[in-house]
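With mmCIF, C-alpha atoms inside, this is my_file_30.cif:
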data_run
loop_
_atom_site.label_atom_id
_atom_site.label_comp_id
_atom_site.auth_asym_id
_atom_site.auth_seq_id
_atom_site.Cartn_x
_atom_site.Cartn_y
_atom_site.Cartn_z
CA MET X 1 -144.87 -163.42 296.36
CA SER X 2 -143.63 -166.61 297.96
CA LEU X 3 -141.36 -169.48 297.08
CA GLU X 4 -144.33 -171.58 295.97
CA ASP X 5 -145.01 -169.13 293.12
CA LEU X 6 -141.63 -170.02 291.63
CA GLU X 7 -142.12 -173.79 291.66
CA LYS X 8 -142.83 -175.76 288.50
CA ARG X 9 -146.48 -176.73 288.25
CA THR X 10 -149.05 -178.17 285.89
CA VAL X 11 -152.26 -176.30 285.19
CA TYR X 12 -155.22 -177.40 283.10
CA GLY X 13 -156.78 -175.33 280.35
CA PRO X 14 -160.48 -175.03 279.45
CA ASP X 15 -160.35 -178.21 277.31
CA ASN X 16 -158.52 -180.09 280.03
CA GLU X 17 -155.20 -179.78 278.20
CA GLU X 18 -152.09 -179.95 280.29
CA ILE X 19 -149.94 -176.81 280.51
CA ASN X 20 -146.57 -177.08 282.21
CA VAL X 21 -145.52 -173.83 283.82
CA ASP X 22 -141.97 -173.12 284.90
CA PRO X 23 -142.16 -169.59 286.31
CA LEU X 24 -138.41 -169.08 286.41
CA GLN X 25 -138.21 -169.79 282.67
CA ASP X 26 -141.60 -168.52 281.50
CA TYR X 27 -142.14 -165.38 283.52
CA TYR X 28 -138.60 -164.19 284.19
CA CYS X 29 -135.42 -163.69 282.24
CA ALA X 30 -132.84 -166.27 283.19
CA ALA X 31 -129.92 -164.32 281.72
CA THR X 32 -128.21 -161.73 283.87
CA PRO X 33 -128.26 -158.12 282.66
CA GLU X 34 -125.58 -156.98 280.23
CA ALA X 35 -123.92 -153.61 279.96
CA LYS X 36 -124.41 -151.76 276.71
CA THR X 37 -121.45 -152.03 274.35
CA GLU X 38 -120.16 -149.11 272.30
CA ALA X 39 -121.68 -150.63 269.17
CA GLN X 40 -125.14 -150.75 270.71
CA LYS X 41 -125.02 -147.16 271.80
CA GLY X 42 -125.65 -145.67 268.35
CA THR X 43 -123.84 -145.12 265.16
CA ALA X 44 -122.58 -141.62 265.82
CA PRO X 45 -121.87 -139.71 269.01
CA ILE X 46 -124.25 -137.02 267.88
CA ILE X 47 -127.13 -139.49 267.88
CA GLU X 48 -126.22 -140.64 271.36
CA LYS X 49 -126.07 -137.02 272.42
CA PHE X 50 -129.51 -136.40 271.00
CA ALA X 51 -130.82 -139.50 272.75
CA ASN X 52 -129.34 -138.33 276.03
CA TRP X 53 -131.00 -134.94 275.60
CA ALA X 54 -134.33 -136.66 275.00
CA ARG X 55 -133.87 -138.92 278.02
CA SER X 56 -132.97 -136.04 280.30
CA GLU X 57 -136.07 -134.09 279.30
CA SER X 58 -138.47 -136.95 280.01
CA LEU X 59 -137.76 -138.28 283.48
CA TRP X 60 -140.59 -140.59 284.35
CA VAL X 61 -140.67 -141.28 288.03
CA LEU X 62 -141.89 -144.54 289.51
CA ALA X 63 -144.59 -143.47 291.96
CA TYR X 64 -143.45 -145.66 294.80
CA GLY X 65 -142.77 -144.08 298.16
CA THR X 66 -140.37 -145.97 300.35
CA GLY X 67 -140.24 -143.78 303.44
CA CYS X 68 -141.43 -140.53 304.90
CA GLY X 69 -140.08 -138.62 301.88
CA ALA X 70 -142.92 -139.79 299.68
CA ILE X 71 -145.01 -137.02 301.22
CA GLU X 72 -142.77 -134.45 299.48
CA MET X 73 -143.88 -135.80 296.11
CA ARG X 74 -147.43 -134.48 296.54
CA PRO X 75 -146.57 -130.78 296.53
CA LEU X 76 -143.96 -131.57 293.89
CA MET X 77 -146.45 -133.00 291.44
CA THR X 78 -149.31 -130.62 292.19
CA PRO X 79 -149.50 -126.94 291.13
CA LYS X 80 -147.50 -125.54 294.04
CA TYR X 81 -144.17 -126.78 292.61
CA ASP X 82 -145.45 -128.47 289.44
CA ALA X 83 -142.54 -130.67 288.40
CA TYR X 84 -144.44 -131.59 285.23
CA ARG X 85 -143.24 -128.36 283.60
CA PHE X 86 -139.69 -129.81 283.71
CA GLY X 87 -140.69 -133.01 281.95
CA VAL X 88 -140.88 -134.97 285.19
CA GLN X 89 -143.96 -137.05 285.60
CA TRP X 90 -145.09 -139.91 287.79
CA ARG X 91 -145.95 -143.31 286.38
CA PRO X 92 -147.79 -146.19 288.04
CA THR X 93 -145.58 -149.15 287.05
CA PRO X 94 -141.83 -149.82 286.84
CA ARG X 95 -142.14 -150.80 283.17
CA GLN X 96 -143.17 -147.25 282.28
CA SER X 97 -140.62 -145.32 284.30
CA ASN X 98 -136.91 -144.61 284.17
CA LEU X 99 -136.27 -142.74 287.41
CA PHE X 100 -136.55 -144.39 290.80
CA ILE X 101 -136.72 -141.99 293.72
CA ILE X 102 -135.81 -143.75 296.95
CA SER X 103 -137.52 -141.32 299.25
CA GLY X 104 -136.21 -142.13 302.67
CA TYR X 105 -135.27 -145.06 304.85
CA LEU X 106 -135.43 -148.57 303.45
CA SER X 107 -136.30 -151.44 305.68
CA ILE X 108 -135.18 -154.87 304.53
CA LYS X 109 -138.69 -155.76 303.47
CA THR X 110 -139.00 -152.58 301.41
CA LEU X 111 -135.55 -153.04 299.92
CA LYS X 112 -136.70 -156.35 298.53
CA ILE X 113 -139.57 -154.63 296.72
CA ALA X 114 -137.32 -151.77 295.62
CA ILE X 115 -134.84 -154.21 294.04
CA ARG X 116 -137.63 -155.97 292.17
CA ALA X 117 -138.98 -152.65 290.91
CA TYR X 118 -135.52 -151.40 289.93
CA GLU X 119 -134.71 -154.50 287.94
CA GLN X 120 -138.04 -154.32 286.12
CA MET X 121 -137.44 -150.78 284.93
CA PRO X 122 -136.25 -150.54 281.34
CA SER X 123 -132.73 -149.32 280.77
CA PRO X 124 -131.39 -146.60 280.85
CA LYS X 125 -132.63 -146.05 284.35
CA TYR X 126 -131.63 -143.63 287.07
CA VAL X 127 -131.84 -143.67 290.86
CA MET X 128 -132.16 -140.64 293.08
CA GLY X 129 -131.49 -141.14 296.79
CA VAL X 130 -133.51 -138.63 298.81
CA GLY X 131 -132.82 -137.83 302.44
CA SER X 132 -129.94 -138.63 304.74
CA CYS X 133 -131.27 -142.14 305.36
CA THR X 134 -130.18 -143.24 301.91
CA ILE X 135 -126.75 -141.61 302.33
CA ASN X 136 -125.57 -142.91 305.70
CA GLY X 137 -128.62 -144.22 307.50
CA GLY X 138 -129.66 -140.86 308.93
CA MET X 139 -131.36 -141.10 312.27
CA TYR X 140 -131.82 -144.84 311.71
CA PHE X 141 -128.07 -145.52 311.45
CA ASP X 142 -128.19 -147.95 314.40
CA SER X 143 -131.44 -149.67 313.52
CA TYR X 144 -131.50 -153.43 313.16
CA ASN X 145 -133.86 -153.30 310.21
CA THR X 146 -132.99 -150.36 307.95
CA ILE X 147 -130.06 -150.17 305.56
CA ASN X 148 -127.31 -147.59 305.95
CA ARG X 149 -126.04 -147.01 302.42
CA LEU X 150 -128.22 -147.28 299.37
CA ASP X 151 -125.29 -147.36 296.91
CA HIS X 152 -124.31 -150.83 298.08
CA TYR X 153 -127.61 -152.25 296.82
CA MET X 154 -128.31 -150.28 293.65
CA PRO X 155 -126.31 -147.66 291.72
CA VAL X 156 -127.28 -144.13 292.74
CA ASP X 157 -126.90 -141.22 290.31
CA VAL X 158 -127.88 -138.29 292.51
CA TYR X 159 -128.22 -137.83 296.23
CA VAL X 160 -130.45 -135.12 297.67
CA ALA X 161 -129.39 -134.41 301.24
CA GLY X 162 -131.72 -133.32 304.00
CA CYS X 163 -134.08 -134.78 306.51
CA MET X 164 -136.46 -134.36 304.76
CA PRO X 165 -135.36 -132.25 301.77
CA ARG X 166 -137.99 -129.78 300.63
CA PRO X 167 -139.50 -130.03 297.14
CA GLU X 168 -137.16 -127.26 295.93
CA SER X 169 -134.20 -129.50 296.75
CA LEU X 170 -135.69 -132.26 294.66
CA LEU X 171 -136.11 -129.84 291.77
CA THR X 172 -132.41 -129.00 292.09
CA GLY X 173 -131.73 -132.73 292.14
CA PHE X 174 -133.66 -133.14 288.89
CA ASP X 175 -131.59 -130.33 287.35
CA LEU X 176 -128.35 -132.02 288.38
CA LEU X 177 -129.56 -135.37 287.09
CA LYS X 178 -130.47 -133.78 283.74
CA LYS X 179 -126.99 -132.30 283.52
CA LEU X 180 -125.41 -135.69 284.26
CA ILE X 181 -127.54 -137.46 281.67
CA LYS X 182 -126.74 -134.83 279.01
CA GLU X 183 -123.03 -135.34 279.72
CA GLY X 184 -123.53 -139.06 279.20
CA LYS X 185 -122.86 -139.93 282.84
CA GLY X 186 -126.22 -141.49 283.59
CA THR X 187 -124.93 -145.04 283.25
CA GLY X 188 -126.27 -146.58 286.43
CA ALA X 189 -127.87 -149.49 284.60
CA ASP X 190 -124.55 -150.41 282.97
CA LYS X 191 -122.81 -150.21 286.31
CA TYR X 192 -125.43 -152.47 287.83
CA ALA X 193 -124.92 -154.98 285.02
CA LYS X 194 -121.13 -154.89 285.28
CA GLU X 195 -121.02 -155.34 289.04
CA PHE X 196 -124.10 -157.53 289.19
CA GLU X 197 -122.43 -160.18 291.36
CA TRP X 198 -121.29 -157.62 293.94
CA TYR X 199 -124.71 -156.00 294.17
CA LYS X 200 -126.41 -159.39 294.45
CA GLY X 201 -123.99 -160.45 297.18
CA ASN X 202 -124.74 -157.33 299.21
CA GLN X 203 -128.48 -157.74 298.71
CA LYS X 204 -128.46 -161.39 299.66
CA LYS X 205 -126.36 -160.68 302.72
CA ILE X 206 -129.25 -158.87 304.38
CA ILE X 207 -132.33 -160.30 302.65
CA LYS X 208 -132.43 -163.69 304.33
CA ASN X 209 -135.84 -164.67 303.01
CA TRP X 210 -134.93 -164.50 299.31
CA ASP X 211 -138.14 -165.68 297.68
CA MET X 212 -137.72 -164.22 294.20
CA PRO X 213 -135.60 -164.92 291.11
CA ASP X 214 -132.08 -163.53 291.03
CA PHE X 215 -132.99 -161.16 288.23
CA ASN X 216 -136.54 -159.88 288.10
CA TRP X 217 -136.83 -159.01 284.42
CA MET Y 218 -161.56 -146.88 340.41
CA LYS Y 219 -160.77 -147.75 343.98
CA GLU Y 220 -163.99 -149.77 344.31
CA ILE Y 221 -163.12 -151.78 341.22
CA VAL Y 222 -159.64 -152.54 342.57
CA ASN Y 223 -161.14 -153.51 345.93
CA ARG Y 224 -163.58 -155.84 344.23
CA ILE Y 225 -160.70 -157.39 342.28
CA LYS Y 226 -158.69 -157.78 345.48
CA GLU Y 227 -161.43 -159.97 346.97
CA LYS Y 228 -161.12 -162.46 344.15
CA PHE Y 229 -157.53 -162.30 342.91
CA PRO Y 230 -154.16 -161.58 344.51
CA VAL Y 231 -153.14 -157.99 343.75
CA ILE Y 232 -149.45 -157.41 344.48
CA SER Y 233 -149.46 -153.65 343.97
CA GLU Y 234 -151.61 -150.87 342.58
CA THR Y 235 -150.81 -147.49 341.02
CA TYR Y 236 -153.42 -144.76 340.74
CA GLN Y 237 -151.91 -142.91 337.80
CA ARG Y 238 -154.78 -140.59 336.92
CA GLU Y 239 -158.44 -140.30 337.74
CA ASP Y 240 -159.27 -142.50 334.77
CA LEU Y 241 -156.15 -144.67 334.66
CA THR Y 242 -155.03 -147.32 337.15
CA PHE Y 243 -152.51 -150.13 337.03
CA ILE Y 244 -152.64 -153.26 339.11
CA THR Y 245 -149.95 -155.91 339.33
CA THR Y 246 -150.93 -159.52 339.68
CA ASP Y 247 -149.09 -162.81 339.41
CA LYS Y 248 -148.53 -164.98 336.39
CA ILE Y 249 -151.13 -167.63 337.19
CA HIS Y 250 -153.98 -165.21 337.83
CA ALA Y 251 -153.29 -162.59 335.15
CA VAL Y 252 -155.47 -164.00 332.36
CA GLU Y 253 -158.19 -164.87 334.87
CA THR Y 254 -158.17 -161.29 336.12
CA VAL Y 255 -158.39 -159.94 332.57
CA THR Y 256 -161.29 -162.31 331.83
CA HIS Y 257 -163.09 -161.23 334.99
CA LEU Y 258 -162.61 -157.54 334.16
CA ARG Y 259 -163.96 -158.09 330.67
CA ASP Y 260 -167.01 -160.12 331.69
CA TYR Y 261 -168.09 -158.52 334.96
CA GLU Y 262 -166.55 -155.03 335.20
CA GLY Y 263 -167.32 -153.77 331.69
CA PHE Y 264 -163.73 -153.51 330.41
CA LYS Y 265 -164.82 -154.70 327.02
CA HIS Y 266 -162.10 -153.14 324.90
CA LEU Y 267 -158.47 -154.26 324.68
CA VAL Y 268 -156.31 -151.20 324.10
CA LEU Y 269 -152.99 -153.02 323.89
CA LEU Y 270 -150.76 -155.74 325.18
CA THR Y 271 -147.16 -154.70 325.53
CA ALA Y 272 -143.95 -155.78 327.22
CA VAL Y 273 -141.15 -153.99 329.04
CA ASP Y 274 -137.72 -155.56 329.38
CA TRP Y 275 -136.40 -155.06 332.93
CA LEU Y 276 -132.94 -156.40 332.19
CA GLU Y 277 -131.47 -155.61 335.62
CA ASP Y 278 -134.30 -157.38 337.46
CA GLY Y 279 -134.34 -160.29 335.03
CA VAL Y 280 -138.04 -159.98 334.24
CA PHE Y 281 -140.37 -159.05 331.41
CA GLN Y 282 -143.33 -156.97 332.45
CA LEU Y 283 -146.47 -157.52 330.40
CA THR Y 284 -149.26 -154.95 330.49
CA TYR Y 285 -152.79 -155.73 329.41
CA LEU Y 286 -154.36 -152.30 329.03
CA LEU Y 287 -158.16 -152.50 329.10
CA ASN Y 288 -160.75 -149.83 328.47
CA ASN Y 289 -164.26 -149.48 329.81
CA PRO Y 290 -166.12 -147.58 327.08
CA LYS Y 291 -169.18 -146.85 329.22
CA GLU Y 292 -167.35 -145.38 332.21
CA LYS Y 293 -164.49 -144.01 330.07
CA ILE Y 294 -161.79 -145.44 332.33
CA ASP Y 295 -158.66 -147.50 331.64
CA LEU Y 296 -157.20 -150.29 333.74
CA GLY Y 297 -153.83 -151.86 333.15
CA VAL Y 298 -153.11 -155.35 334.41
CA ARG Y 299 -149.40 -155.85 334.86
CA VAL Y 300 -147.66 -159.16 335.30
CA GLN Y 301 -143.99 -159.98 335.64
CA ILE Y 302 -142.57 -163.12 334.10
CA PRO Y 303 -139.01 -164.44 334.36
CA ARG Y 304 -136.66 -163.40 331.58
CA ASP Y 305 -135.13 -166.76 330.73
CA ASN Y 306 -137.45 -168.99 328.71
CA PRO Y 307 -140.28 -166.46 328.99
CA GLU Y 308 -143.68 -168.05 328.63
CA MET Y 309 -147.15 -166.70 329.32
CA THR Y 310 -150.65 -168.10 329.20
CA SER Y 311 -152.26 -167.20 325.90
CA ALA Y 312 -155.36 -165.00 325.98
CA HIS Y 313 -156.25 -165.16 322.30
CA HIS Y 314 -159.72 -166.50 323.12
CA LEU Y 315 -160.70 -163.21 324.77
CA TRP Y 316 -160.16 -160.80 321.88
CA ALA Y 317 -159.34 -161.54 318.25
CA ALA Y 318 -156.69 -158.81 318.29
CA MET Y 319 -154.85 -160.49 321.17
CA ALA Y 320 -153.32 -163.10 318.86
CA THR Y 321 -151.69 -160.35 316.80
CA TYR Y 322 -150.19 -158.69 319.89
CA GLN Y 323 -148.88 -162.04 321.08
CA ARG Y 324 -147.39 -162.73 317.67
CA GLU Y 325 -145.59 -159.40 317.80
CA LEU Y 326 -144.28 -160.06 321.31
CA TYR Y 327 -143.01 -163.47 320.26
CA GLU Y 328 -141.08 -161.92 317.40
CA MET Y 329 -139.74 -158.84 319.15
CA PHE Y 330 -139.15 -160.15 322.70
CA GLY Y 331 -139.20 -163.91 322.25
CA ILE Y 332 -142.04 -164.34 324.73
CA SER Y 333 -143.85 -167.56 323.95
CA PHE Y 334 -147.63 -167.91 324.22
CA PRO Y 335 -148.36 -171.63 323.74
CA GLY Y 336 -151.52 -172.23 321.71
CA SER Y 337 -151.72 -168.77 320.22
CA PRO Y 338 -152.66 -169.02 316.52
CA ARG Y 339 -149.94 -168.31 313.90
CA MET Y 340 -147.56 -167.22 316.64
CA LYS Y 341 -144.39 -168.51 315.01
CA GLU Y 342 -145.05 -167.04 311.57
CA PRO Y 343 -142.92 -163.97 310.79
CA PHE Y 344 -144.88 -160.82 311.52
CA ILE Y 345 -142.92 -157.65 310.70
CA LEU Y 346 -139.40 -158.97 310.28
CA ASP Y 347 -138.81 -160.95 307.12
CA GLY Y 348 -136.44 -163.86 307.46
CA TRP Y 349 -134.98 -162.72 310.77
CA ASP Y 350 -132.52 -165.19 312.30
CA GLY Y 351 -130.88 -163.14 315.07
CA PRO Y 352 -131.99 -162.77 318.68
CA PRO Y 353 -135.29 -160.93 319.31
CA PRO Y 354 -134.41 -157.29 318.56
CA TYR Y 355 -136.42 -155.51 321.26
CA ARG Y 356 -134.54 -157.23 324.08
CA ARG Y 357 -132.26 -154.76 325.75
CA ASP Y 358 -129.21 -157.03 325.64
CA PHE Y 359 -129.42 -157.00 321.82
CA ASP Y 360 -126.88 -154.43 320.61
CA THR Y 361 -128.57 -152.81 317.60
CA LEU Y 362 -125.63 -150.50 316.81
CA LYS Y 363 -123.18 -153.38 316.63
CA TYR Y 364 -125.60 -155.42 314.56
CA ALA Y 365 -126.15 -152.51 312.15
CA GLU Y 366 -122.40 -151.90 311.82
CA ASP Y 367 -121.78 -155.57 311.08
CA THR Y 368 -124.61 -155.86 308.58
CA PHE Y 369 -125.33 -152.60 306.77
CA PHE Y 370 -121.98 -151.17 305.52
CA PRO Y 371 -121.82 -147.96 307.60
CA ARG Y 372 -120.42 -144.90 305.83
CA SER Y 373 -117.37 -143.46 307.58
CA GLY Y 374 -117.16 -139.84 308.66
CA ARG Y 375 -120.28 -139.80 310.76
CA SER Y 376 -119.92 -137.62 313.86
CA THR Y 377 -122.30 -136.87 316.69
CA ASN Y 378 -122.46 -134.01 319.16
CA ASP Y 379 -123.73 -134.42 322.67
CA PRO Y 380 -126.20 -131.50 322.93
CA ALA Y 381 -125.18 -130.56 326.49
CA GLU Y 382 -121.44 -130.57 325.69
CA HIS Y 383 -121.98 -128.69 322.44
CA MET Y 384 -124.00 -125.89 324.01
CA LYS Y 385 -121.55 -125.61 326.91
CA LYS Y 386 -118.67 -125.17 324.47
CA LYS Y 387 -120.63 -122.66 322.44
CA MET Y 388 -121.93 -120.51 325.29
CA TYR Y 389 -119.03 -120.72 327.74
CA PRO Y 390 -115.87 -121.19 325.66
CA GLU Y 391 -113.63 -120.25 328.61
CA GLY Y 392 -115.06 -123.08 330.66
#

With the file now loaded, output its structure as structure tokens.
Amino acid sequence: MSLEDLEKRTVYGPDNEEINVDPLQDYYCAATPEAKTEAQKGTAPIIEKFANWARSESLWVLAYGTGCGAIEMRPLMTPKYDAYRFGVQWRPTPRQSNLFIISGYLSIKTLKIAIRAYEQMPSPKYVMGVGSCTINGGMYFDSYNTINRLDHYMPVDVYVAGCMPRPESLLTGFDLLKKLIKEGKGTGADKYAKEFEWYKGNQKKIIKNWDMPDFNW
Amino acid sequence: MKEIVNRIKEKFPVISETYQREDLTFITTDKIHAVETVTHLRDYEGFKHLVLLTAVDWLEDGVFQLTYLLNNPKEKIDLGVRVQIPRDNPEMTSAHHLWAAMATYQRELYEMFGISFPGSPRMKEPFILDGWDGPPPYRRDFDTLKYAEDTFFPRSGRSTNDPAEHMKKKMYPEG
């Protein structure tokens, strides 16, 4: 993606008809995200509770590895640890998933992609920060090109500590996340919508080459 | 190896030579003759493969040291051509016409060390860093810790143990 992809342009159809394309209007949502109000959440608490139970039992992970931790996903999804028996499965696109596992250090370039993917995921969505790099920078705390704290750029529900954490730790992390969602605490997407300006400010502070729309939905 | 270096010495000024291993030698030459030496090694001595081009920042001496590491696939030997260039406004003759990969190495050196290679294709396009506007980060006078603390919101409570001090305290608590 580059800045030229966002510019207004005219393309010609098969019968030479003019089509005006404004990518920022046509391909992306101009409105900023909104937090869910109480009225939208469901008519009765019991329905919301049921929905939360259903969400917690079908965590669909975006199969995008950001650092060295992505290698832990292979034993996790294959028969050795078999996370599929807990309702966790890996999906190829952000539109089909609701859990984003940031599996290690994030360079600025990767953060840009991670933000795009996170914003494209349908709400409610959850973020799991894996490894000490997402918590305080880990061994890359003094690097010029990797971020120190993930929770300044996107809301994090669960951290899994370790460098690298073993697949068992991730399974424990899934358990904790399920518990949080069932209690109705998995509201990262609402938090992101409420503090959208703050998150955007932090993101734009380090991503100097901002060649994408402000909200990638 | 010695014969090759002697043959080089007849044609180009060799400031110093290091016989590192049986199959690895480094020679130091000056800035004007470096690319000529590399060309000669490639065309007449069989060093047909470029292993890498890298730089070392000798901050105290005020120089960058470039190393063209070449490999002779037939004889299975490596030869490194070193050249020192001044640290302020560093500029080196481009050698992108010798190997296609050279342009990529030169692009990386321009981004990470700020060494300019006039005429090298796509040199000023960003390579690894995206939208970088600070000083070249691999220079040793660039303080990465300070930059990270200013930029990336460090989390407080981080502590480090010097391994030597820690083990001394643990094994000999009386001192």

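When the PyMOL selection byres ((chain Y) within 6 of (chain X)) is evaluated on the file shown here, the picked residues come out as Y:Gly348, Y:Thr361, Y:Leu362, Y:Ala365, Y:Phe369, Y:Pro371, Y:Arg372.
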
Expanded to explicit residues, what is the PyMOL selection byres ((chain X and resi 190) around 10) for this file, as a ChimeraX atom specification? /X:33-37,123-125,155,186-189,191-196

Apply the PyMOL selection byres ((chain Y and resi 324-332) around 9) to the displayed file and report the matching residues as JSON, numbers by chain. {"Y": [270, 271, 272, 274, 281, 304, 306, 307, 308, 309, 319, 320, 321, 322, 323, 333, 334, 337, 338, 339, 340, 341, 342, 343, 344, 345, 346, 352, 353, 354, 355, 356]}

Distance query X:Ile102 at most 12 Å, only C-alpha atoms, self and fewer than 3 positions along chain excluded, as JSON, numbers by chain: {"X": [61, 62, 63, 64, 65, 66, 67, 68, 69, 70, 72, 73, 99, 105, 106, 107, 110, 111, 113, 114, 115, 117, 118, 126, 127, 128, 129, 130, 131, 132, 133, 134, 135, 149, 150, 151, 153, 154, 155, 156, 157, 158, 159, 160, 170]}

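In terms of minimum interatomic distance to Y:Ile302, Y:Asp247 ranks closest within Y:Asp240, Y:Asp247, Y:Asp260, Y:Asp358, counting all atoms listed in the file.
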
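Atom CA of X:Lys182 to atom CA of X:Glu48 spans 9.6 Å [interatomic distance, one decimal].
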
Pick from Y:Ile221, Y:Ile294, Y:Ile249, Y:Ile244: nearest to Y:Tyr261, with only C-alpha atoms counted? Y:Ile221

May I ask for the distance between atom CA of Y:Arg224 and atom CA of Y:Trp275, given in Å to one decimal place? 29.4 Å

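For the atom pair formed by atom CA of Y:His257 and atom CA of Y:Val298, the distance is 11.6 Å, given to one decimal.
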
Counting all atoms listed in the file, which residues come within 10 Å of (-145.3, -148.1, 286.1), with the point read in the file's coordinates, and could you list them as a PyMOL selection string? chain X and resi 60-64+90-98+117+120-121

For the residues selected in the previous step, produce a file with C-alpha atoms as a CSV table (one decimal), in the coordinates of the input.
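Once everything was written out, this is result.csv:
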chain,number,residue,atom,x,y,z
X,60,TRP,CA,-140.6,-140.6,284.4
X,61,VAL,CA,-140.7,-141.3,288.0
X,62,LEU,CA,-141.9,-144.5,289.5
X,63,ALA,CA,-144.6,-143.5,292.0
X,64,TYR,CA,-143.4,-145.7,294.8
X,90,TRP,CA,-145.1,-139.9,287.8
X,91,ARG,CA,-146.0,-143.3,286.4
X,92,PRO,CA,-147.8,-146.2,288.0
X,93,THR,CA,-145.6,-149.2,287.0
X,94,PRO,CA,-141.8,-149.8,286.8
X,95,ARG,CA,-142.1,-150.8,283.2
X,96,GLN,CA,-143.2,-147.2,282.3
X,97,SER,CA,-140.6,-145.3,284.3
X,98,ASN,CA,-136.9,-144.6,284.2
X,117,ALA,CA,-139.0,-152.6,290.9
X,120,GLN,CA,-138.0,-154.3,286.1
X,121,MET,CA,-137.4,-150.8,284.9

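The closest residue to Y:Leu276, picked from Y:Asn288, Y:Met384, Y:Leu296, Y:Arg357 and counting all atoms listed in the file, is Y:Arg357.
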
Y:Ala251, Y:Ile225, Y:Met218, Y:Ala318: which is nearest Y:Glu239, counting all atoms listed in the file? Y:Met218

Check the smallest atom-to-atom distance from each of Y:Met388, Y:Leu283, Y:Leu315, Y:Leu241 to Y:Leu267 using only C-alpha atoms, then report the winner. Y:Leu315

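Counting all atoms listed in the file, X:Leu76 has the following residues at most 12 Å away, ignoring those fewer than 3 positions along the same chain: Val61, Gly69, Ala70, Ile71, Glu72, Met73, Pro79, Lys80, Tyr81, Asp82, Ala83, Tyr84, Arg85, Phe86, Val88, Gln89, Trp90, Pro165, Arg166, Pro167, Glu168, Ser169, Leu170, Leu171, Thr172 and Phe174 of chain X.
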
Those residues you just picked out, can you put them in a file as an mmCIF file, in the coordinates of the input with C-alpha atoms?
data_model
loop_
_atom_site.group_PDB
_atom_site.id
_atom_site.type_symbol
_atom_site.label_atom_id
_atom_site.label_comp_id
_atom_site.auth_asym_id
_atom_site.auth_seq_id
_atom_site.Cartn_x
_atom_site.Cartn_y
_atom_site.Cartn_z
ATOM 1 C CA VAL X 61 -140.670 -141.280 288.030
ATOM 2 C CA GLY X 69 -140.080 -138.620 301.880
ATOM 3 C CA ALA X 70 -142.920 -139.790 299.680
ATOM 4 C CA ILE X 71 -145.010 -137.020 301.220
ATOM 5 C CA GLU X 72 -142.770 -134.450 299.480
ATOM 6 C CA MET X 73 -143.880 -135.800 296.110
ATOM 7 C CA PRO X 79 -149.500 -126.940 291.130
ATOM 8 C CA LYS X 80 -147.500 -125.540 294.040
ATOM 9 C CA TYR X 81 -144.170 -126.780 292.610
ATOM 10 C CA ASP X 82 -145.450 -128.470 289.440
ATOM 11 C CA ALA X 83 -142.540 -130.670 288.400
ATOM 12 C CA TYR X 84 -144.440 -131.590 285.230
ATOM 13 C CA ARG X 85 -143.240 -128.360 283.600
ATOM 14 C CA PHE X 86 -139.690 -129.810 283.710
ATOM 15 C CA VAL X 88 -140.880 -134.970 285.190
ATOM 16 C CA GLN X 89 -143.960 -137.050 285.600
ATOM 17 C CA TRP X 90 -145.090 -139.910 287.790
ATOM 18 C CA PRO X 165 -135.360 -132.250 301.770
ATOM 19 C CA ARG X 166 -137.990 -129.780 300.630
ATOM 20 C CA PRO X 167 -139.500 -130.030 297.140
ATOM 21 C CA GLU X 168 -137.160 -127.260 295.930
ATOM 22 C CA SER X 169 -134.200 -129.500 296.750
ATOM 23 C CA LEU X 170 -135.690 -132.260 294.660
ATOM 24 C CA LEU X 171 -136.110 -129.840 291.770
ATOM 25 C CA THR X 172 -132.410 -129.000 292.090
ATOM 26 C CA PHE X 174 -133.660 -133.140 288.890
#

Spatial neighbours of stretch 5-15 of chain X, max dist 9 Å, all atoms listed in the file, sep filter under 6 positions, as a VMD selection string: chain X and resid 21 to 24 211 to 213

Where atoms are missing, can you supply N, CA and C atoms for stretch 1-7 of chain X and output the lot as a PDB file, in the coordinates of the input?
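out_26.pdb, written as the output of this step:
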ATOM      1  N   MET X   1    -145.671-162.409 297.040  1.00  0.00           N
ATOM      2  CA  MET X   1    -144.870-163.420 296.360  1.00  0.00           C
ATOM      3  C   MET X   1    -144.263-164.363 297.407  1.00  0.00           C
ATOM      4  N   SER X   2    -144.277-165.654 297.070  1.00  0.00           N
ATOM      5  CA  SER X   2    -143.630-166.610 297.960  1.00  0.00           C
ATOM      6  C   SER X   2    -142.890-167.626 297.123  1.00  0.00           C
ATOM      7  N   LEU X   3    -142.164-168.486 297.786  1.00  0.00           N
ATOM      8  CA  LEU X   3    -141.360-169.480 297.080  1.00  0.00           C
ATOM      9  C   LEU X   3    -142.214-170.419 296.247  1.00  0.00           C
ATOM     10  N   GLU X   4    -143.458-170.661 296.700  1.00  0.00           N
ATOM     11  CA  GLU X   4    -144.330-171.580 295.970  1.00  0.00           C
ATOM     12  C   GLU X   4    -144.672-171.038 294.583  1.00  0.00           C
ATOM     13  N   ASP X   5    -144.690-169.700 294.425  1.00  0.00           N
ATOM     14  CA  ASP X   5    -145.010-169.130 293.120  1.00  0.00           C
ATOM     15  C   ASP X   5    -143.934-169.427 292.088  1.00  0.00           C
ATOM     16  N   LEU X   6    -142.736-169.778 292.555  1.00  0.00           N
ATOM     17  CA  LEU X   6    -141.630-170.020 291.630  1.00  0.00           C
ATOM     18  C   LEU X   6    -141.489-171.488 291.260  1.00  0.00           C
ATOM     19  N   GLU X   7    -142.261-172.353 291.920  1.00  0.00           N
ATOM     20  CA  GLU X   7    -142.120-173.790 291.660  1.00  0.00           C
ATOM     21  C   GLU X   7    -142.773-174.176 290.341  1.00  0.00           C
TER      22      GLU X   7
END
